[in-house]
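To start, the structure under review is shown below, and the notes come after it.
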Amino acid sequence: MKKIKLVLLLISLGSLCWAGGFDGGFGFGIFQLSNMDPAGMNTILSNHGYPEIERKANLDFGGGGYFVRDRLLIGFEGGSLSTGVTKGNGQEVQLDGGFLSVNAGYGLWKKDKNMIFVNAGLGFAGLTLSVKVQEGILDTYKQKSMNGLIGKIGLAYVRRMGGFIAGVEAGAIQPMSGLDIEGNRVGTTLLIRLLLGGGIF
């Protein structure tokens, strides 16, 4: 439910990007396959006898939008990030949370109702390393929260169909500071996205 509320909020905020002021703009919802590298988190887990997190793609959600002026784009995005759950020896481990970034982009190719653009951004992320230990009829939860600065890059294609926008994007999110436990930092998140929303450009 929290993820759904986040998506609705970000789509609503993103829609403001094409409410007026620039040449155009668009807001969108994000449906994303995330592949987060647990990196140093597995060192912490292994040192304390917990299963290591498997690196695998997981479905996440978000939203955002861009103002458009000729080939220049200014905007923001945010959403959830997760490794999914890894199970072993009666225990479950997971790394999840969310991020928000402010982005700038440039249209490499723009013609009629189509645009290919690159984007880069700076932002903030908060993640939680969670361990669930099954003990009889009760479960014990252990958690460690962390936050820090991130950098984001992406290459996207969007197409306008009337007032509807659809597109795809490939990119990465890289921790720049923080997001560590005792010096053991989270690794790079690779992502592939479907963008659905509305606007003009």
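Lettering and numbering for the structure tokens are positional, with chains as A, B, ... in the shown order, residues counted from 1 in each chain, and ligands counted from 1 in the shown order.
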Would you please give, as an NGL selection string, all residues of segment 29-180 of chain A that DSSP assigns to helix (DSSP H, G or I) based on the backbone? :A and (40-47)
Selected residues written out, C-alpha atoms, as an mmCIF file, in the first residue's frame:
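Final output, again_4.cif:
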```
data_model
loop_
_atom_site.group_PDB
_atom_site.id
_atom_site.type_symbol
_atom_site.label_atom_id
_atom_site.label_comp_id
_atom_site.auth_asym_id
_atom_site.auth_seq_id
_atom_site.Cartn_x
_atom_site.Cartn_y
_atom_site.Cartn_z
ATOM 1 C CA GLY A 40 29.180 -4.926 1.570
ATOM 2 C CA MET A 41 25.829 -5.888 3.090
ATOM 3 C CA ASN A 42 26.687 -9.524 2.453
ATOM 4 C CA THR A 43 29.916 -9.081 4.402
ATOM 5 C CA ILE A 44 27.909 -7.895 7.422
ATOM 6 C CA LEU A 45 25.379 -10.719 7.064
ATOM 7 C CA SER A 46 28.026 -13.409 6.637
ATOM 8 C CA ASN A 47 30.008 -12.150 9.641
#
```
Margin query: Using only C-alpha atoms, which protein or nucleic acid residues come within 10 Å of segment 91-96 of chain A? Drop anything in the same chain fewer than 5 positions from it, and give the result as a ChimeraX atom specification.
Written below: /A:36-38,41,45,50-54,60,80-86,126-135,139-145,186
Item checked: Residue set, segment 1-193 of chain A restricted to strand (DSSP E), as number ranges by chain -> A: 24-36, 58-69, 72-88, 91-111, 114-135, 138-161, 164-178, 180-181, 184-185, 189-193
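Nearest residue to Gly183 of chain A among A:Ala39, A:Ala57, A:Ala104, A:Leu73 is A:Ala39, counting only C-alpha atoms.
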- Residues at most 12 Å from Gly162 of chain A, counting only C-alpha atoms, excluding those fewer than 3 positions away in the same chain, as a ChimeraX atom specification? /A:112-114,159,165-166,197-201
Using only C-alpha atoms, the best pick from A:Gly107, A:Gly90, A:Gly62, A:Gly167 as closest to Leu33 of chain A would be A:Gly62
message = So that I can see what lies close to Ala172 of chain A, please list as a PyMOL selection string the residues with an atom at most 6 Å from it, counting only C-alpha atoms and leaving out residues fewer than 5 positions away in the same chain.
response = chain A and resi 152-153+189-191
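The environment of Glu77 of chain A within 6 Å, counting only C-alpha atoms and disregarding residues fewer than 5 places along the same chain, consists of Gly63, Gly64, Leu100 and Ser101 of chain A.
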Suppose we keep all heavy atoms; can you now write the selection as a PDB file, in the first residue's frame?
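Okay, out.pdb is ready:
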```pdb
ATOM      1  N   GLY A  63       7.790   7.296  -9.779  1.00  0.00           N
ATOM      2  CA  GLY A  63       7.205   8.282 -10.675  1.00  0.00           C
ATOM      3  C   GLY A  63       8.073   9.516 -10.738  1.00  0.00           C
ATOM      4  O   GLY A  63       9.089   9.628 -10.043  1.00  0.00           O
ATOM      5  N   GLY A  64       7.678  10.462 -11.586  1.00  0.00           N
ATOM      6  CA  GLY A  64       8.449  11.702 -11.716  1.00  0.00           C
ATOM      7  C   GLY A  64       7.959  12.514 -12.897  1.00  0.00           C
ATOM      8  O   GLY A  64       6.838  12.338 -13.373  1.00  0.00           O
ATOM      9  N   LEU A 100      15.020   9.577  -4.063  1.00  0.00           N
ATOM     10  CA  LEU A 100      14.480  10.757  -4.744  1.00  0.00           C
ATOM     11  C   LEU A 100      15.652  11.518  -5.336  1.00  0.00           C
ATOM     12  O   LEU A 100      16.662  11.737  -4.657  1.00  0.00           O
ATOM     13  CB  LEU A 100      13.722  11.658  -3.764  1.00  0.00           C
ATOM     14  CG  LEU A 100      13.075  12.914  -4.353  1.00  0.00           C
ATOM     15  CD1 LEU A 100      11.936  12.535  -5.303  1.00  0.00           C
ATOM     16  CD2 LEU A 100      12.534  13.810  -3.238  1.00  0.00           C
ATOM     17  N   SER A 101      15.553  11.918  -6.612  1.00  0.00           N
ATOM     18  CA  SER A 101      16.656  12.639  -7.249  1.00  0.00           C
ATOM     19  C   SER A 101      16.133  13.781  -8.116  1.00  0.00           C
ATOM     20  O   SER A 101      15.020  13.732  -8.626  1.00  0.00           O
ATOM     21  CB  SER A 101      17.521  11.703  -8.102  1.00  0.00           C
ATOM     22  OG  SER A 101      16.827  11.259  -9.249  1.00  0.00           O
TER      23      SER A 101
END
```
- request: Compile the contact shell of Ile74 of chain A as a ChimeraX atom specification: residues with an atom at most 8 Å away, counting only C-alpha atoms, same-chain residues fewer than 2 positions apart removed.
  value: /A:66-68,72,76,102-105
Write to file, as a CSV table (one decimal), in the first residue's frame, the residues of the selection just made, with all heavy atoms.
```csv
chain,number,residue,atom,x,y,z
A,66,TYR,N,9.4,15.8,-16.1
A,66,TYR,CA,10.4,16.7,-16.6
A,66,TYR,C,9.7,17.9,-17.3
A,66,TYR,O,8.7,17.8,-17.9
A,66,TYR,CB,11.2,16.0,-17.8
A,66,TYR,CG,12.3,15.0,-17.3
A,66,TYR,CD1,12.0,13.7,-17.3
A,66,TYR,CD2,13.5,15.5,-16.8
A,66,TYR,CE1,12.9,12.7,-16.8
A,66,TYR,CE2,14.5,14.5,-16.4
A,66,TYR,CZ,14.2,13.2,-16.4
A,66,TYR,OH,15.1,12.3,-16.0
A,67,PHE,N,10.3,19.1,-17.0
A,67,PHE,CA,10.0,20.2,-17.9
A,67,PHE,C,10.9,20.1,-19.1
A,67,PHE,O,12.0,19.7,-19.0
A,67,PHE,CB,10.4,21.5,-17.1
A,67,PHE,CG,9.6,21.9,-15.9
A,67,PHE,CD1,10.0,21.6,-14.7
A,67,PHE,CD2,8.3,22.4,-16.1
A,67,PHE,CE1,9.2,21.9,-13.5
A,67,PHE,CE2,7.5,22.7,-15.0
A,67,PHE,CZ,8.0,22.5,-13.7
A,68,VAL,N,10.4,20.6,-20.2
A,68,VAL,CA,11.1,20.5,-21.5
A,68,VAL,C,11.2,21.9,-22.1
A,68,VAL,O,10.2,22.6,-22.3
A,68,VAL,CB,10.4,19.5,-22.5
A,68,VAL,CG1,11.2,19.5,-23.8
A,68,VAL,CG2,10.3,18.1,-21.9
A,72,LEU,N,16.5,20.6,-23.9
A,72,LEU,CA,16.9,20.5,-22.4
A,72,LEU,C,15.7,20.0,-21.6
A,72,LEU,O,14.6,20.4,-21.8
A,72,LEU,CB,17.3,21.9,-22.0
A,72,LEU,CG,18.6,22.5,-22.7
A,72,LEU,CD1,18.9,23.9,-22.1
A,72,LEU,CD2,19.8,21.5,-22.5
A,76,PHE,N,12.6,15.6,-11.9
A,76,PHE,CA,12.8,14.8,-10.7
A,76,PHE,C,12.2,13.5,-10.9
A,76,PHE,O,11.4,13.2,-11.7
A,76,PHE,CB,12.2,15.5,-9.5
A,76,PHE,CG,10.7,15.5,-9.5
A,76,PHE,CD1,10.0,14.5,-8.9
A,76,PHE,CD2,10.0,16.6,-10.1
A,76,PHE,CE1,8.6,14.5,-8.9
A,76,PHE,CE2,8.7,16.6,-10.2
A,76,PHE,CZ,8.0,15.5,-9.6
A,102,VAL,N,17.0,14.8,-8.3
A,102,VAL,CA,16.7,15.9,-9.2
A,102,VAL,C,17.6,15.7,-10.4
A,102,VAL,O,18.8,15.5,-10.3
A,102,VAL,CB,17.0,17.3,-8.5
A,102,VAL,CG1,16.8,18.4,-9.5
A,102,VAL,CG2,16.1,17.5,-7.3
A,103,ASN,N,17.0,15.7,-11.6
A,103,ASN,CA,17.7,15.3,-12.8
A,103,ASN,C,17.8,16.5,-13.8
A,103,ASN,O,16.9,17.3,-13.9
A,103,ASN,CB,17.0,14.2,-13.5
A,103,ASN,CG,16.9,12.9,-12.6
A,103,ASN,OD1,17.6,12.8,-11.6
A,103,ASN,ND2,16.0,12.1,-12.9
A,104,ALA,N,18.8,16.4,-14.7
A,104,ALA,CA,18.9,17.3,-15.9
A,104,ALA,C,19.1,16.3,-17.0
A,104,ALA,O,19.8,15.3,-16.9
A,104,ALA,CB,20.1,18.2,-15.7
A,105,GLY,N,18.5,16.7,-18.2
A,105,GLY,CA,18.7,15.8,-19.3
A,105,GLY,C,18.9,16.6,-20.6
A,105,GLY,O,18.7,17.8,-20.7
```
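From atom CA of Val118 of chain A back to atom CA of Leu59 of chain A, the distance works out to 22.8 Å.
One finds atom CA of Gly78 of chain A at 18.2 Å from atom CA of Ser177 of chain A.
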Judged by only C-alpha atoms, the minimum distance to Met146 of chain A among A:Asn58, A:Asn89, A:Asn35, A:Asn184 is found for A:Asn184
